[in-house]
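Chemist: Below is the file work10.csv, which contains CSV, C-alpha atoms.
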```
chain,number,residue,atom,x,y,z
A,849,ILE,CA,-7.6,9.7,-11.4
A,850,ASN,CA,-9.5,10.9,-14.5
A,851,GLN,CA,-9.1,14.6,-13.5
A,852,HIS,CA,-5.4,14.2,-13.0
A,853,HIS,CA,-5.0,12.3,-16.2
A,854,GLN,CA,-7.0,14.9,-18.2
A,855,GLY,CA,-4.7,17.7,-16.9
A,856,GLN,CA,-1.5,15.7,-17.2
A,857,PRO,CA,-2.0,12.8,-19.6
A,858,ARG,CA,1.6,11.7,-19.1
A,859,ILE,CA,1.4,11.8,-15.3
A,860,LYS,CA,3.4,9.2,-13.4
A,861,TRP,CA,1.9,7.4,-10.4
A,862,ILE,CA,3.9,6.4,-7.3
A,863,VAL,CA,1.9,3.8,-5.3
A,864,GLY,CA,3.1,2.7,-1.8
A,865,ILE,CA,1.9,-0.4,-0.1
A,866,ARG,CA,2.3,-1.8,3.4
A,867,HIS,CA,1.4,-5.0,5.2
A,868,PRO,CA,-2.4,-4.6,5.6
A,869,VAL,CA,-2.3,-5.5,9.3
A,870,TRP,CA,0.1,-2.6,10.0
A,871,GLN,CA,-1.5,-0.3,7.5
A,872,VAL,CA,-5.0,-0.7,9.1
A,873,GLN,CA,-3.6,-0.2,12.6
A,874,SER,CA,-1.7,2.9,11.6
A,875,PHE,CA,-4.6,4.4,9.7
A,876,TYR,CA,-7.1,3.8,12.5
A,877,ASN,CA,-4.8,5.4,15.1
A,878,TYR,CA,-4.2,8.3,12.7
A,879,ARG,CA,-8.0,8.8,12.5
A,880,ILE,CA,-8.3,8.8,16.3
A,881,THR,CA,-5.5,11.3,16.6
A,882,GLU,CA,-7.1,13.5,14.0
A,883,LEU,CA,-10.4,13.6,15.9
A,884,TYR,CA,-8.5,14.8,19.0
A,885,ASP,CA,-6.5,17.3,16.9
A,886,LYS,CA,-9.8,18.8,15.6
A,887,LYS,CA,-11.2,18.7,19.1
A,888,VAL,CA,-14.1,16.5,18.0
A,889,TRP,CA,-13.2,13.3,19.9
A,890,TRP,CA,-16.7,13.3,21.4
A,891,LYS,CA,-18.0,12.4,18.0
A,892,SER,CA,-18.9,8.8,17.3
A,893,ILE,CA,-15.8,6.6,17.1
A,894,ARG,CA,-16.4,3.2,15.7
A,895,SER,CA,-14.5,0.1,16.8
A,896,LEU,CA,-12.1,-1.5,14.4
A,897,GLN,CA,-14.1,-4.7,14.6
A,898,ASP,CA,-17.2,-2.9,13.5
A,899,ILE,CA,-15.5,-1.3,10.5
A,900,MET,CA,-13.8,-4.5,9.3
A,901,PHE,CA,-17.0,-6.6,9.5
A,902,SER,CA,-19.4,-4.0,8.1
A,903,ASP,CA,-20.3,-2.7,4.7
A,904,VAL,CA,-20.4,0.8,6.0
A,905,PRO,CA,-17.1,2.7,5.8
A,906,TRP,CA,-15.7,5.1,8.4
A,907,LYS,CA,-13.4,8.0,7.5
A,908,ASP,CA,-12.0,6.2,4.4
A,909,MET,CA,-11.6,2.9,6.4
A,910,SER,CA,-13.6,-0.1,5.3
A,911,SER,CA,-13.6,-3.8,5.0
A,912,VAL,CA,-11.9,-3.6,1.5
A,913,ALA,CA,-9.8,-0.5,1.6
A,914,HIS,CA,-6.7,-2.5,2.4
A,915,GLN,CA,-7.1,-4.8,-0.7
A,916,PHE,CA,-4.6,-2.9,-2.8
A,917,GLN,CA,-4.9,-5.2,-5.8
A,918,LEU,CA,-8.5,-3.9,-6.5
A,919,TYR,CA,-7.2,-0.4,-6.9
A,920,LEU,CA,-4.1,-1.4,-8.8
A,921,ALA,CA,-6.2,-3.3,-11.3
A,922,GLU,CA,-8.6,-0.4,-11.7
A,923,LEU,CA,-5.7,2.1,-12.1
A,924,VAL,CA,-4.0,-0.1,-14.8
A,925,SER,CA,-7.3,-0.6,-16.6
A,926,PHE,CA,-7.9,3.1,-16.7
A,927,LEU,CA,-4.4,3.8,-17.9
A,928,GLN,CA,-4.8,1.4,-20.8
A,929,ASN,CA,-7.9,3.5,-21.7
A,930,LYS,CA,-9.9,0.5,-22.9
A,931,THR,CA,-12.1,-2.2,-21.4
A,932,ILE,CA,-9.8,-5.2,-20.6
A,933,ASP,CA,-9.4,-8.1,-18.3
A,934,PRO,CA,-8.5,-6.2,-15.1
A,935,PHE,CA,-5.8,-8.8,-14.3
A,936,ASP,CA,-4.0,-8.2,-17.6
A,937,ILE,CA,-1.5,-5.4,-16.8
A,938,SER,CA,0.4,-5.3,-20.1
A,939,MET,CA,0.1,-2.6,-22.6
A,940,LYS,CA,1.5,-2.4,-26.1
A,941,ASN,CA,3.2,1.0,-26.1
A,942,GLY,CA,4.8,3.5,-23.7
A,943,ASP,CA,7.0,3.4,-20.6
A,944,PRO,CA,5.7,2.2,-17.3
A,945,SER,CA,3.6,4.9,-15.7
A,946,VAL,CA,3.2,3.3,-12.2
A,947,PHE,CA,6.0,2.9,-9.7
A,948,LEU,CA,4.9,0.3,-7.1
A,949,TYR,CA,6.9,0.0,-3.8
A,950,SER,CA,6.5,-1.3,-0.3
A,951,ILE,CA,7.4,0.7,2.8
A,952,ASP,CA,9.9,-2.1,3.5
A,953,GLN,CA,11.9,-0.8,0.6
A,954,ILE,CA,12.1,2.7,2.1
A,955,GLU,CA,13.3,1.3,5.4
A,956,ASP,CA,15.6,-1.3,3.8
A,957,SER,CA,18.8,-1.8,5.8
A,958,ASP,CA,20.6,-3.3,2.8
A,959,THR,CA,22.6,-0.3,1.6
A,960,ASP,CA,23.1,-1.6,-2.0
A,961,ARG,CA,19.5,-2.4,-2.5
A,962,ALA,CA,18.4,0.9,-0.9
A,963,LEU,CA,20.7,2.7,-3.4
A,964,ASP,CA,19.1,0.7,-6.3
A,965,PHE,CA,15.7,1.7,-5.0
A,966,ARG,CA,16.5,5.4,-5.0
A,967,SER,CA,18.2,5.1,-8.4
A,968,ASP,CA,15.3,3.3,-10.0
A,969,LEU,CA,12.8,5.8,-8.5
A,970,SER,CA,14.9,8.7,-9.8
A,971,LYS,CA,15.1,7.2,-13.3
A,972,PHE,CA,11.3,6.5,-13.3
A,973,LEU,CA,10.7,10.2,-12.5
A,974,GLY,CA,13.2,11.4,-15.0
A,975,LEU,CA,15.3,13.3,-12.4
A,976,ALA,CA,18.7,14.6,-13.4
A,977,GLN,CA,20.1,13.8,-9.9
A,978,MET,CA,19.4,10.8,-7.7
A,979,LEU,CA,17.1,11.2,-4.8
A,980,ALA,CA,18.6,11.6,-1.3
A,981,PRO,CA,18.0,8.9,1.3
A,982,LEU,CA,14.4,8.8,2.2
A,983,GLY,CA,13.1,9.5,5.7
A,984,LYS,CA,11.5,7.1,8.1
A,985,GLU,CA,7.9,6.8,9.3
A,986,ASN,CA,6.6,9.6,11.4
A,987,VAL,CA,6.2,8.9,15.1
A,988,ASN,CA,2.8,9.7,16.5
A,989,ARG,CA,3.4,10.7,20.1
A,990,PHE,CA,-0.3,10.1,20.9
A,991,VAL,CA,0.0,6.3,20.2
A,992,SER,CA,2.2,5.4,23.1
A,993,GLY,CA,3.5,7.0,26.3
A,994,PRO,CA,1.7,9.4,28.7
A,995,GLN,CA,-0.1,11.3,25.9
A,996,ARG,CA,-1.6,8.2,24.4
A,997,HIS,CA,-5.3,8.6,23.6
A,998,PRO,CA,-7.6,5.9,25.2
A,999,GLU,CA,-9.0,4.8,21.9
A,1000,ILE,CA,-5.6,4.0,20.3
A,1001,ILE,CA,-5.3,0.3,19.5
A,1002,ASP,CA,-2.6,-2.3,19.5
A,1003,ILE,CA,-3.8,-4.6,16.8
A,1004,CYS,CA,-1.7,-7.5,18.2
A,1005,HIS,CA,-3.9,-7.6,21.2
A,1006,GLU,CA,-6.1,-10.8,21.5
A,1007,GLN,CA,-9.3,-8.8,21.1
A,1008,PHE,CA,-8.3,-8.1,17.4
A,1009,ALA,CA,-7.5,-11.8,16.6
A,1010,ALA,CA,-10.6,-12.1,14.3
A,1011,VAL,CA,-9.7,-8.8,12.6
A,1012,ARG,CA,-6.1,-10.0,11.9
A,1013,GLN,CA,-7.4,-13.3,10.6
A,1014,LYS,CA,-9.6,-11.4,8.0
A,1015,LEU,CA,-6.7,-9.1,7.2
A,1016,VAL,CA,-4.3,-11.9,6.6
A,1017,GLN,CA,-6.8,-13.7,4.4
A,1018,ASP,CA,-7.2,-10.5,2.4
A,1019,SER,CA,-3.5,-9.7,2.3
A,1020,THR,CA,-2.7,-13.2,1.1
A,1021,ASN,CA,-5.0,-12.5,-1.9
A,1022,THR,CA,-3.3,-9.2,-2.5
A,1023,ALA,CA,0.2,-10.5,-2.2
A,1024,THR,CA,-0.6,-13.4,-4.6
A,1025,TRP,CA,-2.1,-11.1,-7.2
A,1026,ILE,CA,0.9,-8.8,-7.2
A,1027,GLN,CA,3.3,-11.7,-7.3
A,1028,GLU,CA,1.6,-13.4,-10.2
A,1029,HIS,CA,0.5,-10.4,-12.2
A,1030,VAL,CA,3.2,-7.8,-11.6
A,1031,LEU,CA,6.4,-9.6,-10.4
A,1032,ALA,CA,6.3,-13.0,-12.1
A,1033,PRO,CA,6.8,-11.6,-15.6
A,1034,LYS,CA,9.8,-9.6,-14.3
A,1035,LEU,CA,11.3,-12.6,-12.6
A,1036,ASP,CA,10.7,-15.0,-15.6
A,1037,GLU,CA,14.1,-16.0,-17.1
A,1038,ASP,CA,12.5,-16.5,-20.5
A,1039,ARG,CA,11.7,-12.9,-21.6
A,1040,SER,CA,11.5,-13.6,-25.3
A,1041,SER,CA,7.8,-12.9,-25.3
A,1042,MET,CA,7.8,-9.8,-23.2
A,1043,ASP,CA,9.4,-6.4,-23.0
A,1044,ALA,CA,9.9,-5.1,-19.5
A,1045,SER,CA,9.6,-1.5,-20.6
A,1046,SER,CA,6.1,-2.2,-21.9
A,1047,ARG,CA,4.8,-3.0,-18.5
A,1048,ILE,CA,2.6,-0.4,-16.9
A,1049,ILE,CA,3.8,-1.2,-13.3
A,1050,PHE,CA,7.5,-0.8,-12.5
A,1051,VAL,CA,9.1,-2.1,-9.4
A,1052,SER,CA,12.6,-2.0,-8.0
A,1053,SER,CA,14.3,-5.2,-6.8
A,1054,PRO,CA,11.3,-7.5,-7.8
A,1055,LEU,CA,12.8,-10.5,-6.0
A,1056,PHE,CA,13.0,-8.6,-2.7
A,1057,LEU,CA,9.5,-7.3,-3.1
A,1058,HIS,CA,8.4,-10.9,-3.8
A,1059,GLN,CA,9.9,-11.9,-0.5
A,1060,VAL,CA,8.3,-9.0,1.3
A,1061,LEU,CA,4.9,-10.1,0.0
A,1062,ASP,CA,5.4,-13.6,1.2
A,1063,LYS,CA,5.3,-12.2,4.7
A,1064,TRP,CA,1.9,-10.8,4.0
A,1065,LYS,CA,0.6,-14.4,4.1
A,1066,LYS,CA,1.2,-14.7,7.8
A,1067,ASP,CA,0.0,-12.9,10.9
A,1068,PRO,CA,2.9,-10.5,11.7
A,1069,CYS,CA,2.0,-10.3,15.4
A,1070,PRO,CA,4.0,-12.5,17.8
```
Can you present the structure in this file as structure tokens?

Modeler:
Amino acid sequence: INQHHQGQPRIKWIVGIRHPVWQVQSFYNYRITELYDKKVWWKSIRSLQDIMFSDVPWKDMSSVAHQFQLYLAELVSFLQNKTIDPFDISMKNGDPSVFLYSIDQIEDSDTDRALDFRSDLSKFLGLAQMLAPLGKENVNRFVSGPQRHPEIIDICHEQFAAVRQKLVQDSTNTATWIQEHVLAPKLDEDRSSMDASSRIIFVSSPLFLHQVLDKWKKDPCP
């Protein structure tokens, strides 16, 4: 962050988040596929349980990497360029420099809200023309079907119940932090004491994002 900021002090950050259960599954399966792509699948592959209940990370996966509020607080603290309470995300001057979104907003089936999202992101970036509709998630052909690698996981399987329990506990904390420290000020009807443009973190459709985060407090597996 510091290197980017030194080179471009007015750089804008786009931060995407996803339900931690699905994010962890996707990232783990990506790492497995990567090992096969590099033809080093014979190297040590750690189980997801071992990673989630260990203090030792594996290929950028760890027991805390999915706790997005830790990184958001650190980023905001850095951007304020002073030592502050990491849970105070307001700053006195300047436009928001972080655009926070959920993957649910990219895949939103509500056409009006999806249009608002692209409009808000375009304005945040200062684009002269609005962004075209965004693409969907890439499909990894090695996750399912005849080409599926044997180490690929389905996190909804019973063997990962304890992992999901931990992830939901963590994602509840993350969702609550974002709702209270990012979204609540934007949804407060009494805005006499705050200026929305003075917030470091900008979001599109805060009410919808709040509803998305409510789902993080439950196990998404059937």

Chemist: Neighbours of region 871-877 of chain A within 12 Å (all atoms listed in the file; same-chain residues fewer than 2 positions away dropped), as JSON, numbers by chain?

Modeler: {"A": [864, 865, 866, 867, 868, 869, 879, 880, 881, 882, 883, 884, 893, 894, 895, 896, 897, 899, 900, 906, 907, 908, 909, 910, 911, 912, 913, 914, 915, 916, 950, 951, 985, 986, 987, 988, 989, 990, 991, 992, 996, 997, 998, 999, 1000, 1001, 1002, 1003, 1004, 1005, 1008, 1011, 1012, 1014, 1015, 1016, 1019, 1064, 1068, 1069]}

Chemist: Which one is closest to Ile862 (chain A): A:Asp1036, A:Leu1031, A:Ala976, A:Val1051? Count only C-alpha atoms.

Modeler: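 Of A:Asp1036, A:Leu1031, A:Ala976, A:Val1051, the one nearest Ile862 (chain A) is A:Val1051, counting only C-alpha atoms.
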
Chemist: Which one is closest to Ile1049 (chain A): A:Val888, A:Leu982, A:Leu927, A:Ala1010? Count only C-alpha atoms.

Modeler: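 Result for the nearest residue to Ile1049 (chain A): A:Leu927.
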
Chemist: Could you jot down the CA of Lys984 (chain A) to CA of Asp952 (chain A) separation for me, Å, one decimal place?

Modeler: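 These atoms are spaced 10.4 Å apart.
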
Chemist: What's around region 962-964 of chain A at 9 Å? Count all atoms listed in the file, leave out sequence neighbours fewer than 4 positions away in its own chain, and write the answer as a VMD selection string.

Modeler: chain A and resid 953 to 958 968 to 969 981 1052 to 1053

Chemist: Got a sec: who's within 8 Å of Lys1066 (chain A), counting all atoms listed in the file, leaving out chain neighbours fewer than 3 positions off, as an NGL selection string?

Modeler: :A and (1016 or 1020 or 1062-1063)

Chemist: Could you please determine the separation between CA of Gln928 (chain A) and CA of His1058 (chain A) in Å, to one decimal place?

Modeler: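 Separation between CA of Gln928 (chain A) and CA of His1058 (chain A): 24.8 Å.
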
Chemist: Have a look at CA of Trp1025 (chain A) and CA of Lys1065 (chain A) and let me know their distance in Å, one decimal.

Modeler: 12.1 Å
